[in-house]
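Undergrad: Can you read through this structure? Questions will come right after.
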Amino acid sequence: MDFRQLGSTGPRVSAIGLGAMGMSGMYGPADETESIATVHAAMDAGVTLIDTGDFYGMGHNELLIRDALRSSGRDRGEVQISVKFGALRDADGGWLGNDARPQAVKNFLAYSLRRLGTDHIDIYRPARLDPAVPIEETVGAIAEQIQAGHVRHIGLSEVGAETLRRAHAVHPIADLQIEYSLISRGIEAEILPTARELGIGITAYGVLSRGLISGHWRADQATAPGDFRGISPRFAAGNVDTNLRLVEALRAVAEAKGATVAQTAIAWVLAQGESIVPLVGARRRERLSEALGALDLKLGADDLAAIEAAVPAGAAAGDRYAAAQMAHLDSEK
C-alpha cells in the first residue's frame with residue numbers, strides 16, 4: 001500500500017480510502033456479512049482510512065464499522081476513522097436539513113463514539129455547511145473536542161474556498177471531503193488551489209460517480225428501492241446515454257493500458273496530486289480488489305492526455321445531485 005499525508009496537519013493514511021456509505025442502504029440493500037468481509041479485506045490490503053457518516057442508515061454504518069473492527073482483531077490505532085455529522089433524517093429515511101451548532105457537535109459526537117465503540121474519532125467533519133451557523137462556531141466546537149481528547153483532526157465537506165479559509169483561520173483543517181472525478185471537476189477552478197495554498201488535503205469521494213463511470217453500469221440498469229441513483233440527474237434517461245458514451249471512450253484508453261475502466265478513473269484522481277486521497281465505495285470484495293488495482297497503474301503525460309481527450313472537463317450530462325440537494329452545497333455557490 002502507498003501512503004499519503006492528508007494535508008500539512010492531518011494524519012498519514014493509505015493512498016486509497018474505503019467509503020462505507022453504500023454498506024448501509026444508500027445504494028439499495030447491502031449484504032452485511034459481505035460488507036464486513038470487505039472492510040476486513042481492505043484492512044488486510046493496507047487500507048487505513050475508513051469514511052462514514054452518523055446518518056448513514058441512521059447509525060447503522062457506524063455500528064457495522066464497529067463490528068468489523070472488533071471482529072478483525074486489529075488494534076484501533078491501525079485505522080483512521082473519518083465521520084461526517086449533522087445531517088438530519090426521519091424514521092422513513094427522509095432528509096430534514098443540517099445541524100452544526102456547537103451543542104449539536106457535542107451531542108452527535110457522543111453518539112458516534114458510543115456506536116463506533118471508540119474513545120476518539122480521527123477526523124470529524126460537518127456533512128454540509130449549516131447556513132444558520134457560522135463555520136467558525138462549528139470548527140471552534142470541534143476544536144474543543146480535540147482539546148478534550150475525543151477528536152484528533154478537523155475536516156470539512158463540500159464547502160467553497162471562502163468557507164475553507166474562514167474555517168482554517170480558526171483551527172487547522174486536515175482535509176476537505178468533496179466529490180472529484182473525471183466527470184465532476186468543479187473543484188479545479190478555485191477550491192483545489194485554495195486547499196493546496198492552505199495545506200489542506202482532499203479526500204475525493206464519487207471517484208467512480210456512484211458506479212456510473214466504473215465500466216459496469218448499463219443504460220437499462222434498474223435501481224433498487226432506496227437507491228438514490230434513481231433520482232440522480234446523471235443516471236436519468238437521456239443523460240445516462242451521453243455519460244456512458246464517455247465511459248466507452250475511456251474504456252478504449254483503459255484497455256490500451258491493460259486496465260479496467262474503474263482502475264483508470266481512480267488512477268486519474270490519484271495522478272492529480274499527492275494531497276488527494278480517493279475514497280472508493282466498494283461494498284463487495286471483488287469491487288474493492290479491482291479498485292485497489294489502480295495503485296499499480298502509472299499514468300504518464302500521454303496517458304493523461306488520452307484520458308482528457310476521452311472525457312473532457314464539463315462533458316458530463318446532468319448535475320451531480322438533484323436540484324434540492326445542489327442548493328445545500330456551499331461548494332457549488
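To be explicit about the labels: the chains of the C-alpha cells are called A, B, and onward in the order shown, and within each one the residues are counted from 1, while ligands get numbers from 1 in the order they are shown.
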From a DSSP pass on the backbone, collect the residues of segment 91-313 of chain A flagged as alpha helix (DSSP H) and hand them back as a PyMOL selection string.
TA: chain A and resi 102-116+135-147+161-170+191-198+239-256+261-270+285-292+301-310
Undergrad: Do a neighbour search on segment 132-146 of chain A at 9 Å with only C-alpha atoms, toss out local chain neighbours closer than 4 positions, and write the hits as a list in words.
TA: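 So the residues in contact are Asp99, Ala100, Arg101, Pro102, Gln103, Val105, Lys106, Leu109, Tyr124, Arg125, Pro126, His150, Val151, Arg152, His153, Ile154, Gly155, Thr163, Leu164, Arg166, Ala167, His168, Ala169, Val170, His171 and Ile173 of chain A.
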Undergrad: Include N, CA, C and O atoms and write out the residues we just selected as a tab-separated table (two decimals), in the first residue's frame.
TA:
```tsv
chain	number	residue	atom	x	y	z
A	99	ASP	N	-27.62	20.34	11.07
A	99	ASP	CA	-27.47	21.00	12.36
A	99	ASP	C	-26.00	20.94	12.76
A	99	ASP	O	-25.47	19.88	13.08
A	100	ALA	N	-25.32	22.09	12.72
A	100	ALA	CA	-23.91	22.14	13.09
A	100	ALA	C	-23.67	23.14	14.22
A	100	ALA	O	-22.59	23.72	14.34
A	101	ARG	N	-24.67	23.33	15.08
A	101	ARG	CA	-24.50	24.18	16.25
A	101	ARG	C	-23.46	23.56	17.19
A	101	ARG	O	-23.29	22.34	17.22
A	102	PRO	N	-22.76	24.37	17.98
A	102	PRO	CA	-21.78	23.82	18.93
A	102	PRO	C	-22.35	22.74	19.84
A	102	PRO	O	-21.69	21.72	20.08
A	103	GLN	N	-23.57	22.93	20.34
A	103	GLN	CA	-24.14	21.91	21.21
A	103	GLN	C	-24.47	20.64	20.43
A	103	GLN	O	-24.41	19.52	20.96
A	105	VAL	N	-22.66	19.56	17.89
A	105	VAL	CA	-21.36	18.90	17.71
A	105	VAL	C	-21.11	17.94	18.86
A	105	VAL	O	-20.76	16.77	18.67
A	106	LYS	N	-21.30	18.42	20.08
A	106	LYS	CA	-21.07	17.58	21.27
A	106	LYS	C	-22.03	16.40	21.31
A	106	LYS	O	-21.64	15.27	21.64
A	109	LEU	N	-21.29	13.82	18.43
A	109	LEU	CA	-20.02	13.15	18.71
A	109	LEU	C	-20.18	12.08	19.78
A	109	LEU	O	-19.64	10.97	19.65
A	124	TYR	N	-13.17	14.51	12.19
A	124	TYR	CA	-14.59	14.78	12.43
A	124	TYR	C	-14.97	16.00	11.61
A	124	TYR	O	-14.26	17.01	11.61
A	125	ARG	N	-16.12	15.91	10.91
A	125	ARG	CA	-16.47	16.98	9.98
A	125	ARG	C	-17.97	17.13	9.84
A	125	ARG	O	-18.70	16.12	9.84
A	126	PRO	N	-18.46	18.37	9.71
A	126	PRO	CA	-19.88	18.55	9.36
A	126	PRO	C	-20.13	18.07	7.94
A	126	PRO	O	-19.32	18.32	7.04
A	150	HIS	N	-11.33	13.75	22.37
A	150	HIS	CA	-12.32	12.93	21.68
A	150	HIS	C	-12.16	12.94	20.16
A	150	HIS	O	-12.72	12.07	19.48
A	151	VAL	N	-11.44	13.92	19.64
A	151	VAL	CA	-11.24	14.08	18.20
A	151	VAL	C	-9.76	14.36	17.96
A	151	VAL	O	-9.10	15.01	18.77
A	152	ARG	N	-9.22	13.85	16.84
A	152	ARG	CA	-7.81	14.09	16.50
A	152	ARG	C	-7.65	15.24	15.50
A	152	ARG	O	-6.74	16.06	15.63
A	153	HIS	N	-8.49	15.29	14.46
A	153	HIS	CA	-8.34	16.28	13.40
A	153	HIS	C	-9.71	16.78	12.95
A	153	HIS	O	-10.72	16.09	13.10
A	154	ILE	N	-9.73	17.98	12.36
A	154	ILE	CA	-10.97	18.56	11.84
A	154	ILE	C	-10.96	18.49	10.32
A	154	ILE	O	-9.96	18.83	9.67
A	155	GLY	N	-12.07	18.05	9.76
A	155	GLY	CA	-12.26	18.05	8.32
A	155	GLY	C	-13.50	18.83	7.95
A	155	GLY	O	-14.30	19.19	8.83
A	163	THR	N	-15.32	29.61	2.59
A	163	THR	CA	-15.61	28.91	3.85
A	163	THR	C	-14.37	28.16	4.33
A	163	THR	O	-14.09	28.12	5.53
A	164	LEU	N	-13.63	27.59	3.40
A	164	LEU	CA	-12.41	26.87	3.76
A	164	LEU	C	-11.43	27.81	4.44
A	164	LEU	O	-10.82	27.45	5.47
A	166	ARG	N	-12.11	30.68	6.05
A	166	ARG	CA	-12.64	31.09	7.35
A	166	ARG	C	-12.46	30.01	8.40
A	166	ARG	O	-12.09	30.28	9.55
A	167	ALA	N	-12.72	28.77	8.01
A	167	ALA	CA	-12.58	27.66	8.95
A	167	ALA	C	-11.13	27.46	9.36
A	167	ALA	O	-10.81	27.28	10.54
A	168	HIS	N	-10.25	27.50	8.38
A	168	HIS	CA	-8.82	27.25	8.63
A	168	HIS	C	-8.21	28.33	9.51
A	168	HIS	O	-7.23	28.08	10.21
A	169	ALA	N	-8.79	29.53	9.51
A	169	ALA	CA	-8.30	30.62	10.37
A	169	ALA	C	-8.60	30.36	11.84
A	169	ALA	O	-7.93	30.90	12.72
A	170	VAL	N	-9.59	29.51	12.11
A	170	VAL	CA	-9.95	29.18	13.49
A	170	VAL	C	-9.11	28.03	14.01
A	170	VAL	O	-8.61	28.06	15.14
A	171	HIS	N	-8.95	27.00	13.18
A	171	HIS	CA	-8.18	25.81	13.56
A	171	HIS	C	-7.72	25.13	12.27
A	171	HIS	O	-8.47	25.11	11.30
A	173	ILE	N	-7.34	22.83	9.30
A	173	ILE	CA	-8.23	21.84	8.70
A	173	ILE	C	-7.36	20.77	8.02
A	173	ILE	O	-6.50	21.10	7.21
```
Undergrad: Counting only C-alpha atoms, which residues of segment 226-298 of chain A sit at most 12 Å from some atom of segment 195-212 of chain A, and what is each one's closest atom pair with its distance in Å to one decimal, listed by chain and rising residue number, as CSV?
TA:
```
residue,atom,partner,partner_atom,distance
A:Asp227,CA,A:Arg210,CA,10.5
A:Phe228,CA,A:Arg210,CA,9.8
A:Arg229,CA,A:Arg210,CA,7.7
A:Gly230,CA,A:Arg210,CA,11.4
A:Ser232,CA,A:Arg210,CA,9.9
A:Pro233,CA,A:Leu212,CA,11.5
A:Arg234,CA,A:Leu212,CA,8.2
A:Phe235,CA,A:Leu212,CA,7.5
A:Ala236,CA,A:Leu212,CA,11.2
A:Asn239,CA,A:Leu212,CA,11.1
A:Val240,CA,A:Leu212,CA,8.2
A:Asp241,CA,A:Leu212,CA,10.6
A:Thr242,CA,A:Leu212,CA,11.2
A:Asn243,CA,A:Leu212,CA,7.8
A:Leu244,CA,A:Leu212,CA,7.5
A:Arg245,CA,A:Leu212,CA,11.0
A:Leu246,CA,A:Leu212,CA,10.2
A:Val247,CA,A:Leu212,CA,8.2
A:Glu248,CA,A:Leu212,CA,11.4
A:Val261,CA,A:Leu208,CA,9.3
A:Ala262,CA,A:Leu208,CA,6.7
A:Gln263,CA,A:Leu208,CA,9.4
A:Thr264,CA,A:Leu208,CA,9.9
A:Ala265,CA,A:Leu208,CA,6.7
A:Ile266,CA,A:Val207,CA,6.2
A:Ala267,CA,A:Val207,CA,9.6
A:Trp268,CA,A:Val207,CA,9.2
A:Val269,CA,A:Val207,CA,7.2
A:Leu270,CA,A:Ala204,CA,9.5
A:Gln272,CA,A:Ile202,CA,10.6
A:Gly273,CA,A:Ile202,CA,9.5
A:Glu274,CA,A:Gly201,CA,8.8
A:Ser275,CA,A:Gly201,CA,5.0
A:Ile276,CA,A:Ile202,CA,4.7
A:Val277,CA,A:Thr203,CA,4.8
A:Pro278,CA,A:Ala204,CA,4.6
A:Leu279,CA,A:Tyr205,CA,5.1
A:Val280,CA,A:Val207,CA,7.0
A:Gly281,CA,A:Gly206,CA,7.9
A:Ala282,CA,A:Gly211,CA,9.6
A:Arg283,CA,A:Gly211,CA,11.4
A:Arg287,CA,A:Gly211,CA,10.5
A:Ala291,CA,A:Leu208,CA,9.8
A:Ala294,CA,A:Val207,CA,11.8
```
Undergrad: Using only C-alpha atoms, which residues sit within 9 Å of Ala87 of chain A once same-chain residues fewer than 3 positions away are excluded, as a ChimeraX atom specification?
TA: /A:53-55,84,95-100,126-128
Undergrad: With N, CA and C atoms retained, could you export that selection as a CSV table (one decimal), in the first residue's frame?
TA:
```csv
chain,number,residue,atom,x,y,z
A,53,GLY,N,-20.6,8.2,8.0
A,53,GLY,CA,-21.4,9.3,8.5
A,53,GLY,C,-22.4,8.8,9.5
A,54,ASP,N,-22.6,9.6,10.5
A,54,ASP,CA,-23.5,9.1,11.5
A,54,ASP,C,-25.0,8.9,11.0
A,55,PHE,N,-25.3,9.5,9.9
A,55,PHE,CA,-26.6,9.5,9.3
A,55,PHE,C,-26.7,8.4,8.2
A,84,LYS,N,-18.7,12.0,9.3
A,84,LYS,CA,-19.4,13.2,9.0
A,84,LYS,C,-20.7,13.3,9.9
A,95,TRP,N,-34.8,13.5,4.5
A,95,TRP,CA,-33.8,14.4,4.9
A,95,TRP,C,-34.4,15.7,5.5
A,96,LEU,N,-33.9,16.2,6.6
A,96,LEU,CA,-34.5,17.3,7.3
A,96,LEU,C,-33.6,18.5,7.5
A,97,GLY,N,-32.5,18.5,6.7
A,97,GLY,CA,-31.6,19.6,6.9
A,97,GLY,C,-30.3,19.3,7.6
A,98,ASN,N,-29.6,20.3,8.1
A,98,ASN,CA,-28.4,20.1,8.8
A,98,ASN,C,-28.3,20.9,10.1
A,99,ASP,N,-27.6,20.3,11.1
A,99,ASP,CA,-27.5,21.0,12.4
A,99,ASP,C,-26.0,20.9,12.8
A,100,ALA,N,-25.3,22.1,12.7
A,100,ALA,CA,-23.9,22.1,13.1
A,100,ALA,C,-23.7,23.1,14.2
A,126,PRO,N,-18.5,18.4,9.7
A,126,PRO,CA,-19.9,18.5,9.4
A,126,PRO,C,-20.1,18.1,7.9
A,127,ALA,N,-21.2,17.4,7.7
A,127,ALA,CA,-21.5,16.8,6.4
A,127,ALA,C,-21.8,17.9,5.4
A,128,ARG,N,-22.4,19.0,5.8
A,128,ARG,CA,-22.7,20.1,4.9
A,128,ARG,C,-22.6,21.4,5.8
```
Undergrad: At what distance in Å, to one decimal, does atom CA of Leu156 of chain A lie from atom CA of Ile191 of chain A?
TA: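 Separation between atom CA of Ile191 of chain A and atom CA of Leu156 of chain A: 12.3 Å.
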Undergrad: For segment 65-77 of chain A, find every residue with an atom within 10 Å (counting only C-alpha atoms), except residues of its own chain fewer than 6 positions away, and show them as a ChimeraX atom specification.
TA: /A:20,23,32-33,35-41,43-44,48,50-52,113-120,122
Undergrad: So which residues of segment 74-236 of chain A fall under strand (DSSP E) by DSSP, listed as a PyMOL selection string?
TA: chain A and resi 80-85+87-89+95-98+121-126+151-157+173-179+201-205
Undergrad: Generate a file of the selected residues that holds C-alpha atoms, formatted as a PDB file, in the first residue's frame.
TA:
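Output file again-v5.pdb follows:
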```
ATOM      1  CA  GLN A  80      -8.197   6.287  10.889  1.00  0.00           C
ATOM      2  CA  ILE A  81     -11.956   6.747  11.091  1.00  0.00           C
ATOM      3  CA  SER A  82     -13.468   9.780   9.384  1.00  0.00           C
ATOM      4  CA  VAL A  83     -17.006  10.718  10.455  1.00  0.00           C
ATOM      5  CA  LYS A  84     -19.441  13.217   8.966  1.00  0.00           C
ATOM      6  CA  PHE A  85     -22.169  14.574  11.228  1.00  0.00           C
ATOM      7  CA  ALA A  87     -27.397  15.658   8.508  1.00  0.00           C
ATOM      8  CA  LEU A  88     -30.864  15.186   9.988  1.00  0.00           C
ATOM      9  CA  ARG A  89     -33.151  12.330   8.974  1.00  0.00           C
ATOM     10  CA  TRP A  95     -33.799  14.410   4.920  1.00  0.00           C
ATOM     11  CA  LEU A  96     -34.541  17.258   7.306  1.00  0.00           C
ATOM     12  CA  GLY A  97     -31.618  19.643   6.891  1.00  0.00           C
ATOM     13  CA  ASN A  98     -28.370  20.071   8.796  1.00  0.00           C
ATOM     14  CA  ILE A 121     -12.576   9.897  16.077  1.00  0.00           C
ATOM     15  CA  ASP A 122      -9.622  10.616  13.845  1.00  0.00           C
ATOM     16  CA  ILE A 123     -11.269  13.165  11.533  1.00  0.00           C
ATOM     17  CA  TYR A 124     -14.589  14.779  12.427  1.00  0.00           C
ATOM     18  CA  ARG A 125     -16.466  16.980   9.976  1.00  0.00           C
ATOM     19  CA  PRO A 126     -19.880  18.547   9.361  1.00  0.00           C
ATOM     20  CA  VAL A 151     -11.236  14.082  18.198  1.00  0.00           C
ATOM     21  CA  ARG A 152      -7.813  14.092  16.502  1.00  0.00           C
ATOM     22  CA  HIS A 153      -8.337  16.282  13.400  1.00  0.00           C
ATOM     23  CA  ILE A 154     -10.967  18.560  11.839  1.00  0.00           C
ATOM     24  CA  GLY A 155     -12.258  18.052   8.316  1.00  0.00           C
ATOM     25  CA  LEU A 156     -14.875  19.745   6.184  1.00  0.00           C
ATOM     26  CA  SER A 157     -17.182  18.512   3.444  1.00  0.00           C
ATOM     27  CA  ILE A 173      -8.229  21.837   8.701  1.00  0.00           C
ATOM     28  CA  ALA A 174      -6.772  18.439   7.824  1.00  0.00           C
ATOM     29  CA  ASP A 175      -8.823  17.745   4.722  1.00  0.00           C
ATOM     30  CA  LEU A 176     -11.784  18.698   2.615  1.00  0.00           C
ATOM     31  CA  GLN A 177     -14.013  15.835   1.554  1.00  0.00           C
ATOM     32  CA  ILE A 178     -15.584  16.663  -1.782  1.00  0.00           C
ATOM     33  CA  GLU A 179     -16.706  14.971  -4.975  1.00  0.00           C
ATOM     34  CA  GLY A 201      -5.713  17.645   1.893  1.00  0.00           C
ATOM     35  CA  ILE A 202      -8.543  16.390  -0.316  1.00  0.00           C
ATOM     36  CA  THR A 203     -10.428  13.169   0.289  1.00  0.00           C
ATOM     37  CA  ALA A 204     -12.184  12.676  -3.032  1.00  0.00           C
ATOM     38  CA  TYR A 205     -15.472  10.810  -2.989  1.00  0.00           C
TER      39      TYR A 205
END
```
Undergrad: Enter the distance from atom CA of Ile16 of chain A to atom CA of Glu286 of chain A, in Å, rounded to one decimal.
TA: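 That distance, rounded to one decimal, is 15.7 Å.
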Undergrad: Can you tell me, as a list in words, what residues are no more than 10 Å from Ala249 of chain A when counting only C-alpha atoms, ignoring any on the same chain fewer than 5 positions away?
TA: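 Contacts, in chain order: Leu244, Ala254, Val261, Ala306, Ile307, Ala309, Ala310 and Val311 of chain A.
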Undergrad: Counting only C-alpha atoms, figure out which residue out of A:Gly226, A:Gly17, A:Gly238, A:Gly314 gets nearest to Gly186 of chain A.
TA: A:Gly314
